[in-house]
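**Student:** Pasting work-v6.cif below, which is mmCIF, C-alpha atoms and all ligand atoms.
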data_target
#
loop_
_atom_site.label_atom_id
_atom_site.label_comp_id
_atom_site.auth_asym_id
_atom_site.auth_seq_id
_atom_site.Cartn_x
_atom_site.Cartn_y
_atom_site.Cartn_z
CA MET A 167 9.83 -1.98 -4.65
CA SER A 168 8.52 -2.69 -8.14
CA ASP A 169 7.84 0.34 -10.37
CA GLN A 170 5.55 -1.60 -12.68
CA GLY A 171 1.89 -0.48 -12.59
CA ILE A 172 -1.01 -2.78 -11.68
CA LEU A 173 -3.42 -4.10 -14.27
CA ALA A 174 -6.91 -3.80 -12.75
CA VAL A 175 -10.11 -4.91 -14.44
CA VAL A 176 -13.41 -3.40 -13.34
CA SER A 177 -16.64 -5.02 -14.47
CA GLY A 178 -20.22 -4.77 -13.34
CA PHE A 179 -23.76 -4.81 -14.65
CA SER A 180 -24.62 -2.01 -17.01
CA GLY A 181 -25.95 0.81 -14.80
CA ALA A 182 -24.11 -0.34 -11.65
CA GLY A 183 -22.14 2.91 -11.77
CA LYS A 184 -18.74 1.90 -13.21
CA GLY A 185 -18.37 5.02 -15.36
CA THR A 186 -19.34 7.27 -12.44
CA LEU A 187 -16.90 5.47 -10.13
CA MET A 188 -14.02 5.68 -12.62
CA LYS A 189 -14.52 9.40 -13.08
CA ALA A 190 -14.54 9.98 -9.31
CA LEU A 191 -11.49 7.74 -8.78
CA LEU A 192 -9.43 9.53 -11.43
CA GLU A 193 -10.40 12.94 -10.08
CA LYS A 194 -9.39 12.00 -6.55
CA HIS A 195 -6.27 9.91 -7.13
CA HIS A 196 -3.69 10.65 -9.76
CA ASN A 197 -1.65 7.57 -10.56
CA TYR A 198 -4.36 5.86 -12.62
CA ALA A 199 -4.69 5.50 -16.37
CA LEU A 200 -8.05 4.46 -17.76
CA SER A 201 -7.76 2.41 -20.93
CA ILE A 202 -9.91 3.70 -23.80
CA SER A 203 -11.57 0.85 -25.67
CA ALA A 204 -12.50 0.56 -29.31
CA THR A 205 -16.16 -0.15 -30.04
CA THR A 206 -18.53 -0.51 -32.96
CA ARG A 207 -21.47 0.94 -31.02
CA GLU A 208 -22.81 4.41 -31.84
CA PRO A 209 -21.61 7.27 -29.62
CA ARG A 210 -24.17 8.39 -27.00
CA GLU A 211 -25.01 12.04 -26.72
CA GLY A 212 -22.06 13.81 -25.12
CA GLU A 213 -19.53 11.10 -25.97
CA THR A 214 -16.47 12.08 -27.99
CA ASP A 215 -14.30 9.86 -30.18
CA GLY A 216 -10.99 9.19 -28.40
CA ARG A 217 -12.34 10.19 -24.97
CA GLU A 218 -14.97 7.62 -23.89
CA TYR A 219 -14.19 5.22 -26.75
CA PHE A 220 -12.57 5.00 -30.15
CA PHE A 221 -15.72 4.63 -32.25
CA VAL A 222 -14.90 2.47 -35.27
CA THR A 223 -16.70 0.55 -38.02
CA LYS A 224 -17.07 -3.22 -37.87
CA GLU A 225 -14.48 -3.53 -40.68
CA ALA A 226 -11.93 -1.37 -38.85
CA PHE A 227 -12.54 -3.37 -35.64
CA GLU A 228 -11.99 -6.68 -37.41
CA GLU A 229 -8.75 -5.32 -38.86
CA MET A 230 -7.56 -4.40 -35.35
CA ILE A 231 -8.25 -7.98 -34.24
CA GLN A 232 -6.35 -9.39 -37.20
CA LYS A 233 -3.32 -7.17 -36.62
CA GLY A 234 -3.14 -8.24 -32.96
CA GLN A 235 -3.75 -4.69 -31.75
CA LEU A 236 -6.25 -5.72 -29.06
CA ILE A 237 -5.36 -7.61 -25.86
CA GLU A 238 -8.95 -8.85 -25.62
CA HIS A 239 -12.25 -8.24 -27.35
CA ALA A 240 -15.83 -9.37 -26.89
CA GLN A 241 -19.32 -8.93 -28.24
CA TYR A 242 -21.84 -7.20 -26.00
CA VAL A 243 -25.48 -6.67 -27.03
CA ASN A 244 -24.79 -6.70 -30.82
CA ASN A 245 -21.57 -4.66 -30.74
CA TYR A 246 -17.86 -5.34 -30.53
CA TYR A 247 -15.71 -3.88 -27.73
CA GLY A 248 -11.93 -4.33 -27.34
CA THR A 249 -8.87 -3.10 -25.42
CA PRO A 250 -6.02 -1.57 -27.46
CA ARG A 251 -2.71 -3.18 -26.51
CA GLN A 252 -0.14 -0.44 -26.83
CA TYR A 253 -1.54 2.14 -24.39
CA VAL A 254 -2.03 -0.43 -21.61
CA PHE A 255 1.54 -1.74 -21.67
CA GLN A 256 3.09 1.69 -22.08
CA GLN A 257 1.23 3.10 -19.07
CA MET A 258 2.09 0.08 -16.89
CA ALA A 259 5.76 0.33 -17.87
CA ASP A 260 5.64 4.02 -16.90
CA GLY A 261 4.46 2.92 -13.43
CA ARG A 262 0.80 3.88 -13.75
CA ASP A 263 -1.98 1.60 -12.52
CA VAL A 264 -4.13 0.84 -15.54
CA ILE A 265 -7.86 0.20 -15.25
CA LEU A 266 -9.82 -1.68 -17.90
CA GLU A 267 -13.55 -1.10 -17.55
CA ILE A 268 -14.75 -4.11 -19.51
CA GLU A 269 -17.43 -6.78 -19.48
CA ILE A 270 -17.08 -10.27 -18.13
CA GLN A 271 -15.95 -12.28 -21.19
CA GLY A 272 -13.10 -9.83 -21.75
CA ALA A 273 -12.22 -9.84 -18.04
CA LEU A 274 -11.89 -13.61 -18.01
CA LYS A 275 -9.62 -13.50 -21.08
CA ILE A 276 -7.43 -10.94 -19.30
CA LYS A 277 -7.17 -13.21 -16.23
CA GLU A 278 -6.17 -16.12 -18.47
CA ARG A 279 -3.51 -14.08 -20.27
CA PHE A 280 -2.32 -12.05 -17.26
CA PRO A 281 -2.94 -14.08 -14.09
CA GLU A 282 -1.53 -11.30 -11.91
CA ALA A 283 -4.33 -8.90 -13.03
CA LEU A 284 -6.77 -7.79 -10.31
CA LEU A 285 -10.44 -8.43 -11.15
CA ILE A 286 -13.08 -6.32 -9.38
CA PHE A 287 -16.83 -6.66 -9.88
CA VAL A 288 -19.04 -3.67 -9.03
CA MET A 289 -22.55 -4.49 -7.79
CA PRO A 290 -25.56 -2.24 -7.23
CA PRO A 291 -27.21 -2.58 -3.79
CA SER A 292 -30.20 -4.39 -5.42
CA ALA A 293 -31.73 -5.33 -8.78
CA ASP A 294 -34.46 -2.70 -8.33
CA GLU A 295 -31.82 -0.02 -7.78
CA LEU A 296 -30.00 -1.22 -10.92
CA LYS A 297 -33.12 -0.72 -13.01
CA ARG A 298 -33.74 2.69 -11.39
CA ARG A 299 -30.22 3.76 -12.34
CA LEU A 300 -30.53 2.53 -15.93
CA VAL A 301 -33.87 4.28 -16.36
CA GLY A 302 -32.59 7.38 -14.56
CA ARG A 303 -29.53 7.62 -16.81
CA GLY A 304 -31.93 8.07 -19.72
CA THR A 305 -29.46 6.97 -22.41
CA GLU A 306 -31.18 3.78 -23.59
CA THR A 307 -34.66 2.83 -24.75
CA MET A 308 -36.74 0.55 -22.50
CA GLU A 309 -36.05 -2.28 -24.96
CA VAL A 310 -32.27 -1.92 -24.58
CA ILE A 311 -32.65 -1.54 -20.79
CA ASP A 312 -34.55 -4.83 -20.65
CA LYS A 313 -31.81 -6.49 -22.74
CA ARG A 314 -29.16 -5.12 -20.38
CA MET A 315 -31.10 -6.36 -17.31
CA ARG A 316 -31.34 -9.84 -18.86
CA ARG A 317 -27.65 -9.73 -19.69
CA ALA A 318 -26.97 -8.79 -16.05
CA GLY A 319 -28.77 -11.96 -14.96
CA GLN A 320 -26.49 -14.05 -17.20
CA GLU A 321 -23.36 -12.18 -16.09
CA ALA A 322 -24.10 -12.86 -12.42
CA ALA A 323 -23.02 -16.46 -13.02
CA GLY A 324 -19.45 -15.33 -13.78
CA ILE A 325 -18.86 -13.20 -10.67
CA THR A 326 -17.21 -16.04 -8.77
CA SER A 327 -14.22 -15.83 -11.17
CA TYR A 328 -13.46 -12.31 -9.89
CA ASP A 329 -11.11 -11.51 -7.02
CA TYR A 330 -13.33 -8.95 -5.22
CA ILE A 331 -16.82 -7.47 -5.30
CA LEU A 332 -17.55 -3.86 -4.39
CA ILE A 333 -21.06 -2.59 -3.67
CA ASN A 334 -21.64 0.84 -5.13
CA ASP A 335 -24.12 2.27 -2.66
CA ALA A 336 -22.44 5.39 -1.24
CA LEU A 337 -20.27 6.52 -4.14
CA ASP A 338 -17.38 8.08 -2.18
CA GLN A 339 -17.00 5.05 0.03
CA CYS A 340 -16.92 2.75 -3.00
CA VAL A 341 -14.25 4.93 -4.67
CA GLU A 342 -12.03 4.69 -1.58
CA GLU A 343 -12.52 0.92 -1.33
CA MET A 344 -11.51 0.51 -4.97
CA HIS A 345 -8.41 2.64 -4.43
CA GLN A 346 -7.42 0.58 -1.36
CA LEU A 347 -7.87 -2.71 -3.20
CA ILE A 348 -5.70 -1.63 -6.12
CA GLN A 349 -3.01 -0.13 -3.91
CA ALA A 350 -2.85 -3.30 -1.79
CA GLN A 351 -1.99 -5.20 -4.97
CA HIS A 352 1.38 -3.36 -5.08
CA LYS A 353 2.36 -5.20 -1.91
CA ARG A 354 1.80 -8.67 -3.31
CA VAL A 355 4.81 -10.98 -3.31
CA SER A 356 4.33 -11.64 -7.05
CA GLN A 357 4.54 -7.88 -7.71
CA ASN A 358 7.87 -7.59 -5.84
CA LEU A 359 9.98 -10.53 -6.99
CA GLU A 360 12.89 -8.34 -8.09
CA PHE A 361 13.12 -6.61 -4.73
CA ILE A 362 12.94 -9.94 -2.92
CA GLN A 363 15.72 -11.33 -5.13
CA GLN A 364 17.85 -8.27 -4.47
CA MET A 365 17.39 -8.62 -0.70
CA LYS A 366 18.36 -12.29 -0.93
CA SER A 367 21.59 -11.47 -2.74
CA GLU A 368 22.43 -8.65 -0.32
CA LEU A 369 21.99 -11.07 2.57
CA THR A 370 24.04 -13.88 1.06
CA ASP A 371 26.83 -11.54 -0.12
CA ARG A 372 27.54 -10.20 3.35
P1 LIG B 401 -22.26 2.02 -15.80
O1 LIG B 401 -21.03 2.75 -16.30
O2 LIG B 401 -21.93 0.93 -14.84
O3 LIG B 401 -23.18 1.56 -16.89
P2 LIG B 401 -23.08 4.68 -14.86
O4 LIG B 401 -21.84 5.19 -14.22
O5 LIG B 401 -23.48 5.26 -16.19
O6 LIG B 401 -23.11 3.08 -14.91
O7 LIG B 401 -24.25 4.92 -13.79
C1 LIG B 401 -25.63 4.62 -14.09
C2 LIG B 401 -26.53 5.66 -13.41
O8 LIG B 401 -26.47 5.47 -12.00
C3 LIG B 401 -26.09 7.09 -13.68
O9 LIG B 401 -27.23 7.89 -13.89
C4 LIG B 401 -25.35 7.49 -12.40
O10 LIG B 401 -25.44 8.87 -12.14
C5 LIG B 401 -26.07 6.68 -11.33
N1 LIG B 401 -25.19 6.29 -10.20
C6 LIG B 401 -23.91 5.84 -10.25
N2 LIG B 401 -23.43 5.56 -9.02
C7 LIG B 401 -24.44 5.83 -8.15
C8 LIG B 401 -24.57 5.74 -6.71
N3 LIG B 401 -23.57 5.31 -5.92
N4 LIG B 401 -25.77 6.10 -6.18
C9 LIG B 401 -26.79 6.52 -6.96
N5 LIG B 401 -26.73 6.64 -8.31
C10 LIG B 401 -25.58 6.28 -8.91
P1 LIG B 402 -21.41 0.62 -22.90
O1 LIG B 402 -22.05 0.38 -24.23
O2 LIG B 402 -22.43 0.77 -21.77
O3 LIG B 402 -20.41 1.76 -22.92
O4 LIG B 402 -20.55 -0.70 -22.56
C1 LIG B 402 -21.16 -1.94 -22.60
C2 LIG B 402 -20.28 -2.96 -21.92
O5 LIG B 402 -19.07 -3.14 -22.66
C3 LIG B 402 -19.85 -2.55 -20.50
O6 LIG B 402 -20.04 -3.67 -19.65
C4 LIG B 402 -18.41 -2.18 -20.65
O7 LIG B 402 -17.68 -2.44 -19.45
C5 LIG B 402 -17.97 -3.16 -21.74
N1 LIG B 402 -16.75 -2.77 -22.43
C6 LIG B 402 -16.30 -1.53 -22.71
N2 LIG B 402 -15.11 -1.58 -23.32
C7 LIG B 402 -14.76 -2.90 -23.42
C8 LIG B 402 -13.63 -3.60 -23.95
O8 LIG B 402 -12.65 -3.04 -24.44
N3 LIG B 402 -13.67 -4.96 -23.90
C9 LIG B 402 -14.69 -5.64 -23.35
N4 LIG B 402 -14.61 -6.97 -23.32
N5 LIG B 402 -15.78 -5.01 -22.84
C10 LIG B 402 -15.82 -3.66 -22.87
#
Render the structure in this file as structure tokens.
Ligand code: ADP
Ligand code: 5GP
**Tutor:**
Amino acid sequence: MSDQGILAVVSGFSGAGKGTLMKALLEKHHNYALSISATTREPREGETDGREYFFVTKEAFEEMIQKGQLIEHAQYVNNYYGTPRQYVFQQMADGRDVILEIEIQGALKIKERFPEALLIFVMPPSADELKRRLVGRGTETMEVIDKRMRRAGQEAAGITSYDYILINDALDQCVEEMHQLIQAQHKRVSQNLEFIQQMKSELTDR
């Protein structure tokens, strides 16, 4: 079977619980590598450079784009976000399943460039619950929360380009469903062409 890791993209409205899910998934299952993005936004309280994000200036970000160091980048509510290339390919080559937790424009670019990537969209059980979670998180002002809710409304239009949706109601159940979806991807024919070829030759050489 193929040793190459899966490239999985996880998107969802801000506040749907992506960060919480990722943390729980990585604690429970060990063959995942979470890509760390570069961003021009300010760190939130408790965030550390190189752990949640690489926090960079706009100039440094634009230089990364120019040098081809990002496999995708997008603007989200006045800031740039992008996925550094090297880590993703290294981890996949080492056989780890890599997760990009990115917004929708970036996800669609990934699908265009890597059609075999798995795109998962995480939904809250309802819009009211989404707002409750954003307010409850307490990391943004009401003005930013309203912007993020409006952005969620626009993003909903793009969900049909994803492969799967997951509803993050009971957290543990959602974590297991995500794990199952990603692991099933290893069994895809397109992920196993070398093995299939080898079997063909063994059969014809008999
Ligand atoms: P995102 O990364 O998608 O913006 P977070 O992971 O920061 O979202 O979650 C937003 C808020 O919702 C946090 O306060 C988190 O504790 C809470 N949360 C996440 N998942 C659930 C869940 N399944 N049930 C209830 N609250 C949740
Ligand atoms: P936040 O500011 O809440 O950490 O992230 C805002 C949005 O940017 C989220 O939807 C998150 O998934 C997305 N994001 C984070 N990193 C990247 C990235 O590298 N590329 C893209 N396109 N979006 C990202």
**Student:** Would you please work out which residue, of A:Lys224, A:Gln256, A:Ala273, A:Met230, is nearest to ligand LIG 402 (chain B) when using all atoms listed in the file?
**Tutor:**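 So, comparing all the options, the nearest one is A:Ala273.
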**Student:** Once 3 Å is added on each side, what are the centre and the three edge lengths, in Å to one decimal, of the axis-aligned box enclosing the listed atoms of segment 319-334 of chain A? Present them as lines of an AutoDock Vina configuration file.
**Tutor:**
center_x = -19.9
center_y = -7.8
center_z = -10.4
size_x = 23.7
size_y = 23.3
size_z = 19.5
**Student:** Please check which protein, DNA or RNA residues sit within 7 Å of ligand LIG 402 (chain B), counting all atoms listed in the file, and write them as a list in words.
**Tutor:** Ser177, Gly178, Phe179, Ser180, Ser203, Ala204, Thr205, Arg207, Glu238, His239, Ala240, Tyr242, Tyr247, Gly248, Thr249, Glu267, Ile268, Glu269, Ile270, Gln271, Gly272 and Ala273 of chain A
**Student:** Just the number, please: distance in Å from atom CA of Ala226 of chain A to atom CA of Leu266 of chain A, one decimal.
**Tutor:**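 Calculated distance between atom CA of Ala226 of chain A and atom CA of Leu266 of chain A is 21.1 Å.
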**Student:** Please list as number ranges by chain every residue within 8 Å of segment 189-195 of chain A, counting all atoms listed in the file and excluding residues in the same chain fewer than 5 positions away.
**Tutor:** A: 338, 341-342, 345
**Student:** Provide segment 281-303 of chain A rebuilt to N, CA, C and O atoms, formatted as a PDB file, in the coordinates of the input.
**Tutor:**
ATOM      1  N   PRO A 281      -2.388 -13.589 -15.354  1.00  0.00           N
ATOM      2  CA  PRO A 281      -2.940 -14.080 -14.090  1.00  0.00           C
ATOM      3  C   PRO A 281      -2.740 -13.123 -12.924  1.00  0.00           C
ATOM      4  O   PRO A 281      -3.462 -13.190 -11.931  1.00  0.00           O
ATOM      5  N   GLU A 282      -1.772 -12.222 -13.024  1.00  0.00           N
ATOM      6  CA  GLU A 282      -1.530 -11.300 -11.910  1.00  0.00           C
ATOM      7  C   GLU A 282      -2.506 -10.120 -11.932  1.00  0.00           C
ATOM      8  O   GLU A 282      -2.511  -9.298 -11.004  1.00  0.00           O
ATOM      9  N   ALA A 283      -3.353 -10.011 -12.965  1.00  0.00           N
ATOM     10  CA  ALA A 283      -4.330  -8.900 -13.030  1.00  0.00           C
ATOM     11  C   ALA A 283      -5.327  -9.012 -11.874  1.00  0.00           C
ATOM     12  O   ALA A 283      -5.643 -10.109 -11.405  1.00  0.00           O
ATOM     13  N   LEU A 284      -5.810  -7.843 -11.418  1.00  0.00           N
ATOM     14  CA  LEU A 284      -6.770  -7.790 -10.310  1.00  0.00           C
ATOM     15  C   LEU A 284      -8.167  -7.592 -10.886  1.00  0.00           C
ATOM     16  O   LEU A 284      -8.407  -6.623 -11.611  1.00  0.00           O
ATOM     17  N   LEU A 285      -9.091  -8.502 -10.573  1.00  0.00           N
ATOM     18  CA  LEU A 285     -10.440  -8.430 -11.150  1.00  0.00           C
ATOM     19  C   LEU A 285     -11.461  -7.996 -10.085  1.00  0.00           C
ATOM     20  O   LEU A 285     -11.654  -8.701  -9.083  1.00  0.00           O
ATOM     21  N   ILE A 286     -12.103  -6.864 -10.334  1.00  0.00           N
ATOM     22  CA  ILE A 286     -13.080  -6.320  -9.380  1.00  0.00           C
ATOM     23  C   ILE A 286     -14.452  -6.247 -10.042  1.00  0.00           C
ATOM     24  O   ILE A 286     -14.569  -5.756 -11.170  1.00  0.00           O
ATOM     25  N   PHE A 287     -15.464  -6.715  -9.343  1.00  0.00           N
ATOM     26  CA  PHE A 287     -16.830  -6.660  -9.880  1.00  0.00           C
ATOM     27  C   PHE A 287     -17.662  -5.692  -9.054  1.00  0.00           C
ATOM     28  O   PHE A 287     -17.771  -5.839  -7.837  1.00  0.00           O
ATOM     29  N   VAL A 288     -18.237  -4.688  -9.725  1.00  0.00           N
ATOM     30  CA  VAL A 288     -19.040  -3.670  -9.030  1.00  0.00           C
ATOM     31  C   VAL A 288     -20.518  -4.060  -9.074  1.00  0.00           C
ATOM     32  O   VAL A 288     -21.069  -4.321 -10.149  1.00  0.00           O
ATOM     33  N   MET A 289     -21.135  -4.103  -7.889  1.00  0.00           N
ATOM     34  CA  MET A 289     -22.550  -4.490  -7.790  1.00  0.00           C
ATOM     35  C   MET A 289     -23.384  -3.291  -7.341  1.00  0.00           C
ATOM     36  O   MET A 289     -22.930  -2.489  -6.525  1.00  0.00           O
ATOM     37  N   PRO A 290     -24.621  -3.227  -7.801  1.00  0.00           N
ATOM     38  CA  PRO A 290     -25.560  -2.240  -7.230  1.00  0.00           C
ATOM     39  C   PRO A 290     -26.079  -2.830  -5.918  1.00  0.00           C
ATOM     40  O   PRO A 290     -25.940  -4.032  -5.692  1.00  0.00           O
ATOM     41  N   PRO A 291     -26.684  -2.017  -5.043  1.00  0.00           N
ATOM     42  CA  PRO A 291     -27.210  -2.580  -3.790  1.00  0.00           C
ATOM     43  C   PRO A 291     -28.338  -3.577  -4.029  1.00  0.00           C
ATOM     44  O   PRO A 291     -28.536  -4.484  -3.224  1.00  0.00           O
ATOM     45  N   SER A 292     -29.105  -3.443  -5.136  1.00  0.00           N
ATOM     46  CA  SER A 292     -30.200  -4.390  -5.420  1.00  0.00           C
ATOM     47  C   SER A 292     -30.550  -4.324  -6.898  1.00  0.00           C
ATOM     48  O   SER A 292     -30.159  -3.379  -7.590  1.00  0.00           O
ATOM     49  N   ALA A 293     -31.320  -5.312  -7.377  1.00  0.00           N
ATOM     50  CA  ALA A 293     -31.730  -5.330  -8.780  1.00  0.00           C
ATOM     51  C   ALA A 293     -32.669  -4.159  -9.084  1.00  0.00           C
ATOM     52  O   ALA A 293     -32.599  -3.546 -10.160  1.00  0.00           O
ATOM     53  N   ASP A 294     -33.546  -3.832  -8.132  1.00  0.00           N
ATOM     54  CA  ASP A 294     -34.460  -2.700  -8.330  1.00  0.00           C
ATOM     55  C   ASP A 294     -33.681  -1.401  -8.508  1.00  0.00           C
ATOM     56  O   ASP A 294     -34.000  -0.575  -9.360  1.00  0.00           O
ATOM     57  N   GLU A 295     -32.638  -1.236  -7.689  1.00  0.00           N
ATOM     58  CA  GLU A 295     -31.820  -0.020  -7.780  1.00  0.00           C
ATOM     59  C   GLU A 295     -31.080   0.011  -9.131  1.00  0.00           C
ATOM     60  O   GLU A 295     -30.923   1.071  -9.734  1.00  0.00           O
ATOM     61  N   LEU A 296     -30.685  -1.167  -9.610  1.00  0.00           N
ATOM     62  CA  LEU A 296     -30.000  -1.220 -10.920  1.00  0.00           C
ATOM     63  C   LEU A 296     -30.936  -0.686 -12.000  1.00  0.00           C
ATOM     64  O   LEU A 296     -30.541   0.141 -12.829  1.00  0.00           O
ATOM     65  N   LYS A 297     -32.171  -1.169 -11.993  1.00  0.00           N
ATOM     66  CA  LYS A 297     -33.120  -0.720 -13.010  1.00  0.00           C
ATOM     67  C   LYS A 297     -33.376   0.780 -12.869  1.00  0.00           C
ATOM     68  O   LYS A 297     -33.417   1.505 -13.861  1.00  0.00           O
ATOM     69  N   ARG A 298     -33.533   1.250 -11.620  1.00  0.00           N
ATOM     70  CA  ARG A 298     -33.740   2.690 -11.390  1.00  0.00           C
ATOM     71  C   ARG A 298     -32.598   3.498 -11.995  1.00  0.00           C
ATOM     72  O   ARG A 298     -32.806   4.523 -12.634  1.00  0.00           O
ATOM     73  N   ARG A 299     -31.365   3.007 -11.822  1.00  0.00           N
ATOM     74  CA  ARG A 299     -30.220   3.760 -12.340  1.00  0.00           C
ATOM     75  C   ARG A 299     -30.190   3.761 -13.864  1.00  0.00           C
ATOM     76  O   ARG A 299     -29.898   4.776 -14.500  1.00  0.00           O
ATOM     77  N   LEU A 300     -30.519   2.603 -14.451  1.00  0.00           N
ATOM     78  CA  LEU A 300     -30.530   2.530 -15.930  1.00  0.00           C
ATOM     79  C   LEU A 300     -31.598   3.451 -16.499  1.00  0.00           C
ATOM     80  O   LEU A 300     -31.360   4.175 -17.464  1.00  0.00           O
ATOM     81  N   VAL A 301     -32.773   3.423 -15.891  1.00  0.00           N
ATOM     82  CA  VAL A 301     -33.870   4.280 -16.360  1.00  0.00           C
ATOM     83  C   VAL A 301     -33.494   5.745 -16.125  1.00  0.00           C
ATOM     84  O   VAL A 301     -33.625   6.600 -16.999  1.00  0.00           O
ATOM     85  N   GLY A 302     -32.956   6.014 -14.938  1.00  0.00           N
ATOM     86  CA  GLY A 302     -32.590   7.380 -14.560  1.00  0.00           C
ATOM     87  C   GLY A 302     -31.519   7.976 -15.457  1.00  0.00           C
ATOM     88  O   GLY A 302     -31.511   9.181 -15.709  1.00  0.00           O
ATOM     89  N   ARG A 303     -30.607   7.123 -15.941  1.00  0.00           N
ATOM     90  CA  ARG A 303     -29.530   7.620 -16.810  1.00  0.00           C
ATOM     91  C   ARG A 303     -30.107   8.175 -18.113  1.00  0.00           C
ATOM     92  O   ARG A 303     -29.568   9.117 -18.686  1.00  0.00           O
TER      93      ARG A 303
END
